[in-house]
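protein.cif follows; it contains mmCIF, C-alpha atoms.
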data_query
#
loop_
_atom_site.group_PDB
_atom_site.id
_atom_site.type_symbol
_atom_site.label_atom_id
_atom_site.label_comp_id
_atom_site.auth_asym_id
_atom_site.auth_seq_id
_atom_site.Cartn_x
_atom_site.Cartn_y
_atom_site.Cartn_z
ATOM 1 C CA MET A 1 -51.307 157.238 -2.555
ATOM 2 C CA ALA A 2 -54.750 155.701 -2.141
ATOM 3 C CA THR A 3 -57.582 157.722 -3.696
ATOM 4 C CA ILE A 4 -60.949 158.603 -2.201
ATOM 5 C CA THR A 5 -62.576 156.559 -4.979
ATOM 6 C CA GLN A 6 -60.589 153.451 -4.051
ATOM 7 C CA LEU A 7 -61.512 153.863 -0.399
ATOM 8 C CA HIS A 8 -65.196 154.301 -1.233
ATOM 9 C CA ILE A 9 -65.242 151.231 -3.482
ATOM 10 C CA PHE A 10 -63.593 149.110 -0.787
ATOM 11 C CA SER A 11 -66.114 150.345 1.804
ATOM 12 C CA LYS A 12 -69.052 149.549 -0.493
ATOM 13 C CA VAL A 13 -67.749 146.031 -1.213
ATOM 14 C CA ILE A 14 -67.616 145.273 2.508
ATOM 15 C CA GLU A 15 -71.014 146.824 3.135
ATOM 16 C CA ILE A 16 -72.681 144.696 0.450
ATOM 17 C CA GLY A 17 -70.410 141.657 0.784
ATOM 18 C CA ASN A 18 -70.170 140.978 -2.936
ATOM 19 C CA PHE A 19 -68.046 142.448 -5.752
ATOM 20 C CA THR A 20 -70.727 142.110 -8.432
ATOM 21 C CA LYS A 21 -73.517 143.684 -6.348
ATOM 22 C CA ALA A 22 -71.167 146.430 -5.183
ATOM 23 C CA GLY A 23 -70.416 147.164 -8.837
ATOM 24 C CA GLN A 24 -74.120 147.398 -9.582
ATOM 25 C CA ALA A 25 -74.601 149.836 -6.695
ATOM 26 C CA LEU A 26 -71.648 151.912 -7.885
ATOM 27 C CA LYS A 27 -72.575 151.595 -11.592
ATOM 28 C CA MET A 28 -69.275 149.858 -12.287
ATOM 29 C CA THR A 29 -68.354 146.484 -13.732
ATOM 30 C CA GLN A 30 -67.302 143.692 -11.401
ATOM 31 C CA PRO A 31 -63.742 143.594 -12.863
ATOM 32 C CA ALA A 32 -63.380 147.346 -12.300
ATOM 33 C CA VAL A 33 -64.433 146.972 -8.659
ATOM 34 C CA SER A 34 -62.070 144.046 -8.137
ATOM 35 C CA GLN A 35 -59.218 145.980 -9.755
ATOM 36 C CA ALA A 36 -59.843 149.016 -7.535
ATOM 37 C CA VAL A 37 -59.647 146.889 -4.380
ATOM 38 C CA SER A 38 -56.525 145.083 -5.632
ATOM 39 C CA SER A 39 -54.911 148.431 -6.464
ATOM 40 C CA LEU A 40 -55.725 149.708 -2.977
ATOM 41 C CA GLU A 41 -54.099 146.643 -1.427
ATOM 42 C CA ALA A 42 -51.037 147.090 -3.643
ATOM 43 C CA GLU A 43 -50.830 150.791 -2.790
ATOM 44 C CA LEU A 44 -50.981 150.070 0.937
ATOM 45 C CA GLY A 45 -48.816 146.969 0.731
ATOM 46 C CA VAL A 46 -51.178 144.840 2.851
ATOM 47 C CA THR A 47 -53.943 142.285 2.296
ATOM 48 C CA LEU A 48 -57.316 143.731 3.231
ATOM 49 C CA LEU A 49 -59.640 140.947 2.104
ATOM 50 C CA ILE A 50 -59.639 137.185 2.050
ATOM 51 C CA ARG A 51 -61.831 135.720 -0.674
ATOM 52 C CA ASP A 52 -63.199 132.402 0.581
ATOM 53 C CA LYS A 53 -65.544 130.375 -1.668
ATOM 54 C CA SER A 54 -67.508 128.943 1.256
ATOM 55 C CA LYS A 55 -67.515 131.913 3.652
ATOM 56 C CA GLY A 56 -67.450 134.758 1.147
ATOM 57 C CA LEU A 57 -65.466 137.940 1.766
ATOM 58 C CA MET A 58 -63.640 138.218 5.079
ATOM 59 C CA LEU A 59 -61.663 141.182 6.366
ATOM 60 C CA THR A 60 -58.154 140.651 7.643
ATOM 61 C CA ASP A 61 -57.210 142.234 10.978
ATOM 62 C CA ILE A 62 -55.580 145.178 9.214
ATOM 63 C CA GLY A 63 -58.547 145.327 6.852
ATOM 64 C CA GLU A 64 -60.909 145.829 9.810
ATOM 65 C CA LYS A 65 -58.758 148.637 11.196
ATOM 66 C CA ILE A 66 -58.470 150.374 7.841
ATOM 67 C CA LEU A 67 -62.193 149.993 7.092
ATOM 68 C CA LEU A 68 -63.056 151.831 10.314
ATOM 69 C CA GLN A 69 -60.772 154.707 9.298
ATOM 70 C CA ILE A 70 -62.216 154.735 5.774
ATOM 71 C CA ARG A 71 -65.740 155.044 7.139
ATOM 72 C CA THR A 72 -64.566 157.855 9.404
ATOM 73 C CA ILE A 73 -63.214 159.640 6.329
ATOM 74 C CA GLU A 74 -66.458 159.030 4.432
ATOM 75 C CA ASN A 75 -68.433 160.466 7.335
ATOM 76 C CA SER A 76 -66.223 163.566 7.407
ATOM 77 C CA LEU A 77 -66.720 164.081 3.668
ATOM 78 C CA LYS A 78 -70.470 163.667 4.132
ATOM 79 C CA ILE A 79 -70.442 166.338 6.844
ATOM 80 C CA ILE A 80 -68.515 168.725 4.580
ATOM 81 C CA ASP A 81 -70.970 168.228 1.702
ATOM 82 C CA GLN A 82 -73.985 168.784 3.939
ATOM 83 C CA GLU A 83 -72.550 171.886 5.609
ATOM 84 C CA VAL A 84 -71.784 173.408 2.206
ATOM 85 C CA ALA A 85 -75.314 172.595 1.010
ATOM 86 C CA ALA A 86 -76.791 174.155 4.164
ATOM 87 C CA GLU A 87 -74.774 177.310 3.550
ATOM 88 C CA LYS A 88 -76.497 177.487 0.150
ATOM 89 C CA GLY A 89 -79.911 177.076 1.766
ATOM 90 C CA LEU A 90 -80.293 173.337 1.096
ATOM 91 C CA GLU A 91 -80.732 170.437 3.508
ATOM 92 C CA THR A 92 -79.476 167.369 1.707
ATOM 93 C CA GLY A 93 -77.635 164.101 2.228
ATOM 94 C CA THR A 94 -78.128 160.395 2.882
ATOM 95 C CA ILE A 95 -78.613 158.935 6.361
ATOM 96 C CA LYS A 96 -77.921 155.267 7.067
ATOM 97 C CA VAL A 97 -80.272 154.118 9.818
ATOM 98 C CA ALA A 98 -80.313 150.681 11.482
ATOM 99 C CA GLY A 99 -83.054 149.081 13.519
ATOM 100 C CA PHE A 100 -84.476 145.745 14.604
ATOM 101 C CA PRO A 101 -87.727 144.555 12.975
ATOM 102 C CA ASP A 102 -90.455 145.453 15.460
ATOM 103 C CA VAL A 103 -89.046 148.923 16.150
ATOM 104 C CA SER A 104 -88.533 149.544 12.435
ATOM 105 C CA ALA A 105 -92.138 148.604 11.716
ATOM 106 C CA ARG A 106 -93.494 150.603 14.651
ATOM 107 C CA PHE A 107 -91.570 153.880 14.354
ATOM 108 C CA LEU A 108 -89.770 154.261 11.049
ATOM 109 C CA PRO A 109 -92.665 154.660 8.556
ATOM 110 C CA LYS A 110 -94.009 157.795 10.257
ATOM 111 C CA ILE A 111 -90.466 159.077 10.942
ATOM 112 C CA ILE A 112 -89.462 158.696 7.290
ATOM 113 C CA GLN A 113 -92.677 160.359 6.168
ATOM 114 C CA ALA A 114 -91.994 163.326 8.476
ATOM 115 C CA VAL A 115 -88.409 163.603 7.196
ATOM 116 C CA GLN A 116 -89.542 163.553 3.566
ATOM 117 C CA GLN A 117 -92.198 166.195 4.178
ATOM 118 C CA LYS A 118 -89.818 168.556 5.932
ATOM 119 C CA TYR A 119 -86.555 167.735 4.117
ATOM 120 C CA PRO A 120 -87.364 166.233 0.692
ATOM 121 C CA ASN A 121 -83.702 166.248 -0.381
ATOM 122 C CA ILE A 122 -82.612 163.998 2.485
ATOM 123 C CA ALA A 123 -82.570 160.278 1.665
ATOM 124 C CA ILE A 124 -82.736 157.474 4.232
ATOM 125 C CA GLU A 125 -81.091 154.098 3.731
ATOM 126 C CA LEU A 126 -82.419 151.421 6.089
ATOM 127 C CA PHE A 127 -80.575 148.451 7.588
ATOM 128 C CA GLU A 128 -82.582 145.884 9.542
ATOM 129 C CA GLY A 129 -81.165 143.153 11.745
ATOM 130 C CA SER A 130 -80.868 141.834 15.263
ATOM 131 C CA VAL A 131 -79.976 144.061 18.205
ATOM 132 C CA GLU A 132 -76.434 142.671 18.067
ATOM 133 C CA GLU A 133 -76.144 143.395 14.342
ATOM 134 C CA VAL A 134 -77.365 146.970 14.833
ATOM 135 C CA PHE A 135 -74.742 147.496 17.526
ATOM 136 C CA ASN A 136 -72.007 146.127 15.242
ATOM 137 C CA TRP A 137 -73.143 148.305 12.334
ATOM 138 C CA ILE A 138 -72.953 151.400 14.531
ATOM 139 C CA THR A 139 -69.538 150.622 16.019
ATOM 140 C CA SER A 140 -68.084 149.767 12.604
ATOM 141 C CA ARG A 141 -69.506 153.049 11.208
ATOM 142 C CA MET A 142 -71.458 151.148 8.577
ATOM 143 C CA VAL A 143 -74.492 153.190 9.622
ATOM 144 C CA ASP A 144 -74.824 156.727 10.958
ATOM 145 C CA ILE A 145 -77.292 155.941 13.715
ATOM 146 C CA GLY A 146 -79.407 153.080 15.001
ATOM 147 C CA PHE A 147 -82.139 151.972 17.362
ATOM 148 C CA ILE A 148 -80.795 149.770 20.167
ATOM 149 C CA TYR A 149 -81.554 148.687 23.714
ATOM 150 C CA SER A 150 -80.051 150.922 26.386
ATOM 151 C CA PRO A 151 -77.934 151.397 28.384
ATOM 152 C CA HIS A 152 -74.802 151.054 26.264
ATOM 153 C CA SER A 153 -71.628 152.422 27.836
ATOM 154 C CA SER A 154 -69.665 152.352 24.568
ATOM 155 C CA LEU A 155 -72.154 154.490 22.594
ATOM 156 C CA ASP A 156 -73.801 157.887 22.863
ATOM 157 C CA ILE A 157 -77.527 157.318 23.311
ATOM 158 C CA ILE A 158 -80.795 159.218 23.375
ATOM 159 C CA PRO A 159 -83.422 157.344 25.446
ATOM 160 C CA LEU A 160 -86.755 157.121 23.623
ATOM 161 C CA VAL A 161 -89.247 154.745 25.214
ATOM 162 C CA GLU A 162 -89.588 152.043 27.866
ATOM 163 C CA ASP A 163 -91.328 148.892 26.701
ATOM 164 C CA LYS A 164 -92.749 146.159 28.944
ATOM 165 C CA TYR A 165 -92.928 142.464 28.048
ATOM 166 C CA MET A 166 -96.042 140.461 27.267
ATOM 167 C CA ALA A 167 -96.779 136.763 27.023
ATOM 168 C CA VAL A 168 -98.510 135.969 23.716
ATOM 169 C CA PHE A 169 -100.592 132.780 23.737
ATOM 170 C CA PRO A 170 -102.303 130.608 21.153
ATOM 171 C CA PRO A 171 -106.087 131.024 21.005
ATOM 172 C CA GLU A 172 -107.972 129.237 23.799
ATOM 173 C CA HIS A 173 -104.814 128.696 25.858
ATOM 174 C CA HIS A 174 -105.726 128.062 29.506
ATOM 175 C CA LEU A 175 -103.480 130.910 30.771
ATOM 176 C CA LEU A 176 -105.555 133.475 28.893
ATOM 177 C CA LYS A 177 -107.948 133.317 31.840
ATOM 178 C CA LYS A 178 -105.336 135.156 33.919
ATOM 179 C CA SER A 179 -104.961 138.951 33.719
ATOM 180 C CA LEU A 180 -101.329 138.869 34.884
ATOM 181 C CA ILE A 181 -98.805 136.164 34.038
ATOM 182 C CA THR A 182 -95.846 135.080 36.165
ATOM 183 C CA LEU A 183 -92.620 133.530 34.906
ATOM 184 C CA SER A 184 -93.562 130.445 36.876
ATOM 185 C CA ASP A 185 -96.711 130.150 34.727
ATOM 186 C CA LEU A 186 -94.484 129.993 31.638
ATOM 187 C CA SER A 187 -91.763 127.718 32.966
ATOM 188 C CA ASN A 188 -93.225 124.535 31.474
ATOM 189 C CA GLU A 189 -94.437 126.067 28.213
ATOM 190 C CA SER A 190 -92.815 125.696 24.780
ATOM 191 C CA LEU A 191 -91.393 129.078 23.794
ATOM 192 C CA ILE A 192 -90.925 130.536 20.311
ATOM 193 C CA VAL A 193 -88.013 132.991 20.353
ATOM 194 C CA GLY A 194 -87.141 135.779 17.904
ATOM 195 C CA LYS A 195 -83.521 136.144 16.773
ATOM 196 C CA TRP A 196 -83.888 139.905 16.367
ATOM 197 C CA GLY A 197 -84.399 140.743 20.036
ATOM 198 C CA ASP A 198 -82.469 139.813 23.146
ATOM 199 C CA PRO A 199 -83.350 136.141 23.808
ATOM 200 C CA LYS A 200 -80.468 135.721 26.258
ATOM 201 C CA ALA A 201 -81.979 138.373 28.532
ATOM 202 C CA ILE A 202 -85.320 136.559 28.530
ATOM 203 C CA GLU A 203 -83.642 133.251 29.298
ATOM 204 C CA GLN A 204 -81.714 134.898 32.141
ATOM 205 C CA LEU A 205 -84.988 135.938 33.786
ATOM 206 C CA PHE A 206 -85.898 132.272 34.157
ATOM 207 C CA ILE A 207 -82.400 131.311 35.315
ATOM 208 C CA ASP A 208 -82.428 134.022 37.997
ATOM 209 C CA LYS A 209 -85.700 132.603 39.341
ATOM 210 C CA GLY A 210 -84.399 129.026 39.199
ATOM 211 C CA LEU A 211 -87.091 128.123 36.662
ATOM 212 C CA PRO A 212 -86.826 125.827 33.626
ATOM 213 C CA TYR A 213 -86.699 127.510 30.225
ATOM 214 C CA HIS A 214 -88.002 125.626 27.196
ATOM 215 C CA GLN A 215 -86.996 127.252 23.903
ATOM 216 C CA LYS A 216 -88.606 125.112 21.197
ATOM 217 C CA TYR A 217 -88.311 127.270 18.065
ATOM 218 C CA THR A 218 -86.149 130.191 16.947
ATOM 219 C CA VAL A 219 -87.412 132.393 14.115
ATOM 220 C CA SER A 220 -86.191 135.476 12.247
ATOM 221 C CA ASN A 221 -89.515 137.095 11.355
ATOM 222 C CA LEU A 222 -92.195 138.484 13.660
ATOM 223 C CA ASN A 223 -95.076 137.565 11.347
ATOM 224 C CA THR A 224 -93.772 133.996 11.137
ATOM 225 C CA MET A 225 -93.655 133.857 14.924
ATOM 226 C CA LEU A 226 -97.215 135.136 15.281
ATOM 227 C CA GLY A 227 -98.424 132.628 12.716
ATOM 228 C CA MET A 228 -96.753 129.796 14.621
ATOM 229 C CA ILE A 229 -98.378 130.939 17.870
ATOM 230 C CA GLN A 230 -101.771 131.040 16.159
ATOM 231 C CA GLU A 231 -101.193 127.478 14.936
ATOM 232 C CA ARG A 232 -100.587 126.452 18.560
ATOM 233 C CA LEU A 233 -96.922 125.544 18.093
ATOM 234 C CA GLY A 234 -95.971 127.420 21.248
ATOM 235 C CA LEU A 235 -96.164 130.812 22.889
ATOM 236 C CA SER A 236 -93.780 133.749 23.028
ATOM 237 C CA ILE A 237 -92.550 136.576 25.229
ATOM 238 C CA LEU A 238 -92.616 139.799 23.235
ATOM 239 C CA PRO A 239 -92.303 143.534 23.887
ATOM 240 C CA GLU A 240 -95.605 145.385 24.007
ATOM 241 C CA LEU A 241 -94.695 147.617 21.050
ATOM 242 C CA ALA A 242 -94.048 144.574 18.877
ATOM 243 C CA ILE A 243 -97.476 143.068 19.434
ATOM 244 C CA LYS A 244 -99.823 145.951 20.245
ATOM 245 C CA ASP A 245 -101.155 146.685 16.736
ATOM 246 C CA THR A 246 -101.459 143.060 15.604
ATOM 247 C CA GLU A 247 -104.413 140.695 15.608
ATOM 248 C CA MET A 248 -102.666 138.651 18.292
ATOM 249 C CA TRP A 249 -102.895 141.489 20.821
ATOM 250 C CA LYS A 250 -106.113 139.969 22.214
ATOM 251 C CA TYR A 251 -104.078 136.906 23.168
ATOM 252 C CA ALA A 252 -101.384 138.918 24.980
ATOM 253 C CA ARG A 253 -101.111 139.275 28.754
ATOM 254 C CA PRO A 254 -98.638 141.347 30.819
ATOM 255 C CA ILE A 255 -95.870 139.497 32.654
ATOM 256 C CA LEU A 256 -95.107 140.174 36.312
ATOM 257 C CA THR A 257 -91.452 141.226 36.054
ATOM 258 C CA ASP A 258 -89.392 144.372 36.533
ATOM 259 C CA TYR A 259 -87.501 143.706 33.312
ATOM 260 C CA ARG A 260 -88.109 146.332 30.638
ATOM 261 C CA ARG A 261 -86.801 146.960 27.139
ATOM 262 C CA ASN A 262 -85.432 150.509 26.982
ATOM 263 C CA ILE A 263 -85.229 151.663 23.367
ATOM 264 C CA ALA A 264 -82.774 154.395 22.410
ATOM 265 C CA LEU A 265 -81.140 156.050 19.434
ATOM 266 C CA ALA A 266 -77.400 155.472 19.385
ATOM 267 C CA ALA A 267 -74.268 156.613 17.566
ATOM 268 C CA ILE A 268 -70.540 156.421 18.212
ATOM 269 C CA SER A 269 -70.602 160.166 18.889
ATOM 270 C CA LEU A 270 -73.740 162.288 18.701
ATOM 271 C CA GLN A 271 -71.524 165.363 18.477
ATOM 272 C CA GLN A 272 -69.852 164.131 15.306
ATOM 273 C CA VAL A 273 -72.842 162.964 13.267
ATOM 274 C CA SER A 274 -73.703 164.719 10.023
ATOM 275 C CA ARG A 275 -76.104 167.640 9.766
ATOM 276 C CA ALA A 276 -78.738 165.440 8.093
ATOM 277 C CA THR A 277 -78.452 162.913 10.921
ATOM 278 C CA LYS A 278 -78.999 165.668 13.494
ATOM 279 C CA LEU A 279 -82.165 166.719 11.663
ATOM 280 C CA PHE A 280 -83.280 163.078 11.646
ATOM 281 C CA ILE A 281 -82.698 162.872 15.417
ATOM 282 C CA ASP A 282 -84.877 165.940 15.994
ATOM 283 C CA ILE A 283 -87.723 164.377 14.048
ATOM 284 C CA VAL A 284 -87.384 161.055 15.883
ATOM 285 C CA LYS A 285 -87.722 162.897 19.202
ATOM 286 C CA GLU A 286 -90.867 164.654 17.931
ATOM 287 C CA GLN A 287 -92.490 161.519 16.534
ATOM 288 C CA VAL A 288 -91.667 159.047 19.288
ATOM 289 C CA ASN A 289 -92.373 161.348 22.217
#
Please, can you express the file's structure as structure tokens?
Amino acid sequence: MATITQLHIFSKVIEIGNFTKAGQALKMTQPAVSQAVSSLEAELGVTLLIRDKSKGLMLTDIGEKILLQIRTIENSLKIIDQEVAAEKGLETGTIKVAGFPDVSARFLPKIIQAVQQKYPNIAIELFEGSVEEVFNWITSRMVDIGFIYSPHSSLDIIPLVEDKYMAVFPPEHHLLKKSLITLSDLSNESLIVGKWGDPKAIEQLFIDKGLPYHQKYTVSNLNTMLGMIQERLGLSILPELAIKDTEMWKYARPILTDYRRNIALAAISLQQVSRATKLFIDIVKEQVN
């Protein structure tokens, strides 16, 4: 019979994607981690992982199904521990929170500070990636909760804020003379696009209007993007929250479009999240609203 320890080790290996680093996180040797996973596979009589030198660790189909159940078990154990602690007058636990870069930078510092002030025994583990990655982390139960764009029919969500889009120009760009920018104004411009957001939705805005769309660069970091804009390598379309507190705000102009980014908190089931996660949600509502 598989043990809870074996299940937890397997889950941690997949989360980190490396046997050695998983061992470091678990304070175990790499051989011990590898042996635990091999023993789990032998116990279950199936192959859970494929070890590929070029692609790294890959889950088999049955491995994906079992991992989801393992994370469900881990979440249930977390809930038990936190309920017992609460009964003893303690609020404790670890919350895994996912977000995309601009939202993480905008909201999470003050949220984490508020959590630590009110519940010092609750720890927060952050995961940062693209909107698509955050969605995958939530649905695979790798994280407890995440910030995503709404609506999302497959997840429980809590709407937080509506964010409009801005065009961000290089200094002295001729379109800075306009107070309101149209998509037509941007149709012949070279665009710098961020991987973390929803570039397909932006592109679709141009397609729907029958306008050309010129994506020249794709970057992974907001600061890199802003630096490229400042160096006159192109311009970008960014949410207001991403740009508002930066030096480039003076080069931003609103875009005439009904498209908005609706930011929400999301989980597979808000009814089944841990006690610590529920406390985190309450603080997010206070801080964001």
For the file shown, what are the residues hit by the PyMOL selection byres ((chain A and resi 47-57) around 12), laid out as an mmCIF file with C-alpha atoms, in the frame of the given file?
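What landed in selection38.cif:
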data_model
loop_
_atom_site.group_PDB
_atom_site.id
_atom_site.type_symbol
_atom_site.label_atom_id
_atom_site.label_comp_id
_atom_site.auth_asym_id
_atom_site.auth_seq_id
_atom_site.Cartn_x
_atom_site.Cartn_y
_atom_site.Cartn_z
ATOM 1 C CA LEU A 7 -61.512 153.863 -0.399
ATOM 2 C CA PHE A 10 -63.593 149.110 -0.787
ATOM 3 C CA SER A 11 -66.114 150.345 1.804
ATOM 4 C CA VAL A 13 -67.749 146.031 -1.213
ATOM 5 C CA ILE A 14 -67.616 145.273 2.508
ATOM 6 C CA GLU A 15 -71.014 146.824 3.135
ATOM 7 C CA ILE A 16 -72.681 144.696 0.450
ATOM 8 C CA GLY A 17 -70.410 141.657 0.784
ATOM 9 C CA ASN A 18 -70.170 140.978 -2.936
ATOM 10 C CA PHE A 19 -68.046 142.448 -5.752
ATOM 11 C CA SER A 34 -62.070 144.046 -8.137
ATOM 12 C CA VAL A 37 -59.647 146.889 -4.380
ATOM 13 C CA SER A 38 -56.525 145.083 -5.632
ATOM 14 C CA SER A 39 -54.911 148.431 -6.464
ATOM 15 C CA LEU A 40 -55.725 149.708 -2.977
ATOM 16 C CA GLU A 41 -54.099 146.643 -1.427
ATOM 17 C CA ALA A 42 -51.037 147.090 -3.643
ATOM 18 C CA GLU A 43 -50.830 150.791 -2.790
ATOM 19 C CA LEU A 44 -50.981 150.070 0.937
ATOM 20 C CA GLY A 45 -48.816 146.969 0.731
ATOM 21 C CA VAL A 46 -51.178 144.840 2.851
ATOM 22 C CA MET A 58 -63.640 138.218 5.079
ATOM 23 C CA LEU A 59 -61.663 141.182 6.366
ATOM 24 C CA THR A 60 -58.154 140.651 7.643
ATOM 25 C CA ASP A 61 -57.210 142.234 10.978
ATOM 26 C CA ILE A 62 -55.580 145.178 9.214
ATOM 27 C CA GLY A 63 -58.547 145.327 6.852
ATOM 28 C CA GLU A 64 -60.909 145.829 9.810
ATOM 29 C CA LYS A 65 -58.758 148.637 11.196
ATOM 30 C CA ILE A 66 -58.470 150.374 7.841
ATOM 31 C CA LEU A 67 -62.193 149.993 7.092
#
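Across the model, the gap from CA of Pro199 in chain A to CA of Leu233 in chain A is 18.1 Å.
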Margin query: For a test of reading the model, state the distance in Å between CA of Ala98 in chain A and CA of Ile157 in chain A, rounded to one decimal.
Written below: 13.8 Å
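Between Thr72 in chain A and the residues A:Leu155, A:Val219, A:Val143, A:Glu162, the shortest atom-to-atom distance, using all atoms listed in the file, involves A:Val143.
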Report as an mmCIF file with C-alpha atoms, in the coordinates of the input the full result of the PyMOL selection byres ((chain A and resi 189-198) around 7) when it is applied to this structure.
data_model
loop_
_atom_site.group_PDB
_atom_site.id
_atom_site.type_symbol
_atom_site.label_atom_id
_atom_site.label_comp_id
_atom_site.auth_asym_id
_atom_site.auth_seq_id
_atom_site.Cartn_x
_atom_site.Cartn_y
_atom_site.Cartn_z
ATOM 1 C CA PHE A 100 -84.476 145.745 14.604
ATOM 2 C CA PRO A 101 -87.727 144.555 12.975
ATOM 3 C CA GLY A 129 -81.165 143.153 11.745
ATOM 4 C CA SER A 130 -80.868 141.834 15.263
ATOM 5 C CA VAL A 131 -79.976 144.061 18.205
ATOM 6 C CA LEU A 186 -94.484 129.993 31.638
ATOM 7 C CA SER A 187 -91.763 127.718 32.966
ATOM 8 C CA ASN A 188 -93.225 124.535 31.474
ATOM 9 C CA PRO A 199 -83.350 136.141 23.808
ATOM 10 C CA LYS A 200 -80.468 135.721 26.258
ATOM 11 C CA ALA A 201 -81.979 138.373 28.532
ATOM 12 C CA ILE A 202 -85.320 136.559 28.530
ATOM 13 C CA HIS A 214 -88.002 125.626 27.196
ATOM 14 C CA GLN A 215 -86.996 127.252 23.903
ATOM 15 C CA LYS A 216 -88.606 125.112 21.197
ATOM 16 C CA TYR A 217 -88.311 127.270 18.065
ATOM 17 C CA THR A 218 -86.149 130.191 16.947
ATOM 18 C CA VAL A 219 -87.412 132.393 14.115
ATOM 19 C CA SER A 220 -86.191 135.476 12.247
ATOM 20 C CA MET A 225 -93.655 133.857 14.924
ATOM 21 C CA GLY A 234 -95.971 127.420 21.248
ATOM 22 C CA LEU A 235 -96.164 130.812 22.889
ATOM 23 C CA SER A 236 -93.780 133.749 23.028
#
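Put simply, the PyMOL selection byres ((chain A and resi 258-271) around 8) on this file hits Ile138, Thr139, Arg141, Asp144, Ile145, Gly146, Phe147, Ile148, Tyr149, Ser150, Pro151, Ser154, Leu155, Asp156, Ile157, Ile158, Pro159, Leu160, Val161, Glu162, Asp163, Lys164, Tyr165, Pro239, Leu256, Thr257, Gln272 and Val273 of chain A.
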Check: Which value, in Å to one decimal, gives the distance between CA of Ser153 in chain A and CA of Ile281 in chain A?
Finding: 19.6 Å
Enclose all atoms of range 270-289 of chain A listed in the file in an axis-aligned box, grow every side by 6 Å, and hand back centre and edge lengths in Å to one decimal, as JSON.
{"center_x": -81.2, "center_y": 163.3, "center_z": 15.2, "size_x": 34.6, "size_y": 20.6, "size_z": 26.1}
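The residue that comes closest to Ala167 in chain A, out of A:Gln113, A:Leu108, A:Ser179, A:Asn136 and on the basis of all atoms listed in the file, is A:Ser179.
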Next item on the list: Name the closest residue to Arg232 in chain A among the candidates A:Tyr251, A:Ala276, A:Ala123, A:Gly23; distances are taken between atoms, counting only C-alpha atoms.
Entry: A:Tyr251
Next item on the list: Tell me which protein, DNA and RNA residues are within 9 Å of range 171-177 of chain A, counting only C-alpha atoms, leaving out same-chain ones fewer than 3 positions away, and put them as a ChimeraX atom specification.
Entry: /A:181,185,229-232,248,251-253
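The residue that comes closest to Asp81 in chain A, out of A:Ser140, A:Ser274, A:Gln287, A:Asn221 and on the basis of all atoms listed in the file, is A:Ser274.
Closest to Ile207 in chain A among A:Ala2, A:Ala85, A:Leu183, A:Met228 is A:Leu183, based on all atoms listed in the file.
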Using the atoms already present, construct N, CA and C atoms for range 7-19 of chain A and hand them back as a compact mmCIF listing (two decimals), in the frame of the given file.
# COMPACT_ATOMS: atom_id res chain seq x y z
N LEU A 7 -61.02 154.08 -1.76
CA LEU A 7 -61.51 153.86 -0.40
C LEU A 7 -63.02 153.63 -0.38
N HIS A 8 -63.74 154.42 -1.19
CA HIS A 8 -65.20 154.30 -1.23
C HIS A 8 -65.61 152.96 -1.83
N ILE A 9 -64.93 152.52 -2.87
CA ILE A 9 -65.24 151.23 -3.48
C ILE A 9 -65.02 150.10 -2.49
N PHE A 10 -63.89 150.14 -1.78
CA PHE A 10 -63.59 149.11 -0.79
C PHE A 10 -64.67 149.08 0.29
N SER A 11 -65.08 150.25 0.78
CA SER A 11 -66.11 150.34 1.80
C SER A 11 -67.43 149.75 1.31
N LYS A 12 -67.80 150.04 0.07
CA LYS A 12 -69.05 149.55 -0.49
C LYS A 12 -69.01 148.03 -0.67
N VAL A 13 -67.88 147.49 -1.07
CA VAL A 13 -67.75 146.03 -1.21
C VAL A 13 -68.00 145.34 0.12
N ILE A 14 -67.43 145.88 1.18
CA ILE A 14 -67.62 145.27 2.51
C ILE A 14 -69.05 145.44 2.98
N GLU A 15 -69.63 146.58 2.72
CA GLU A 15 -71.01 146.82 3.14
C GLU A 15 -71.96 145.82 2.49
N ILE A 16 -71.77 145.57 1.19
CA ILE A 16 -72.68 144.70 0.45
C ILE A 16 -72.24 143.24 0.53
N GLY A 17 -70.92 143.01 0.66
CA GLY A 17 -70.41 141.66 0.78
C GLY A 17 -70.25 140.90 -0.51
N ASN A 18 -70.24 141.63 -1.64
CA ASN A 18 -70.17 140.98 -2.94
C ASN A 18 -69.64 141.97 -3.97
N PHE A 19 -68.65 141.56 -4.76
CA PHE A 19 -68.05 142.45 -5.75
C PHE A 19 -69.05 142.83 -6.84
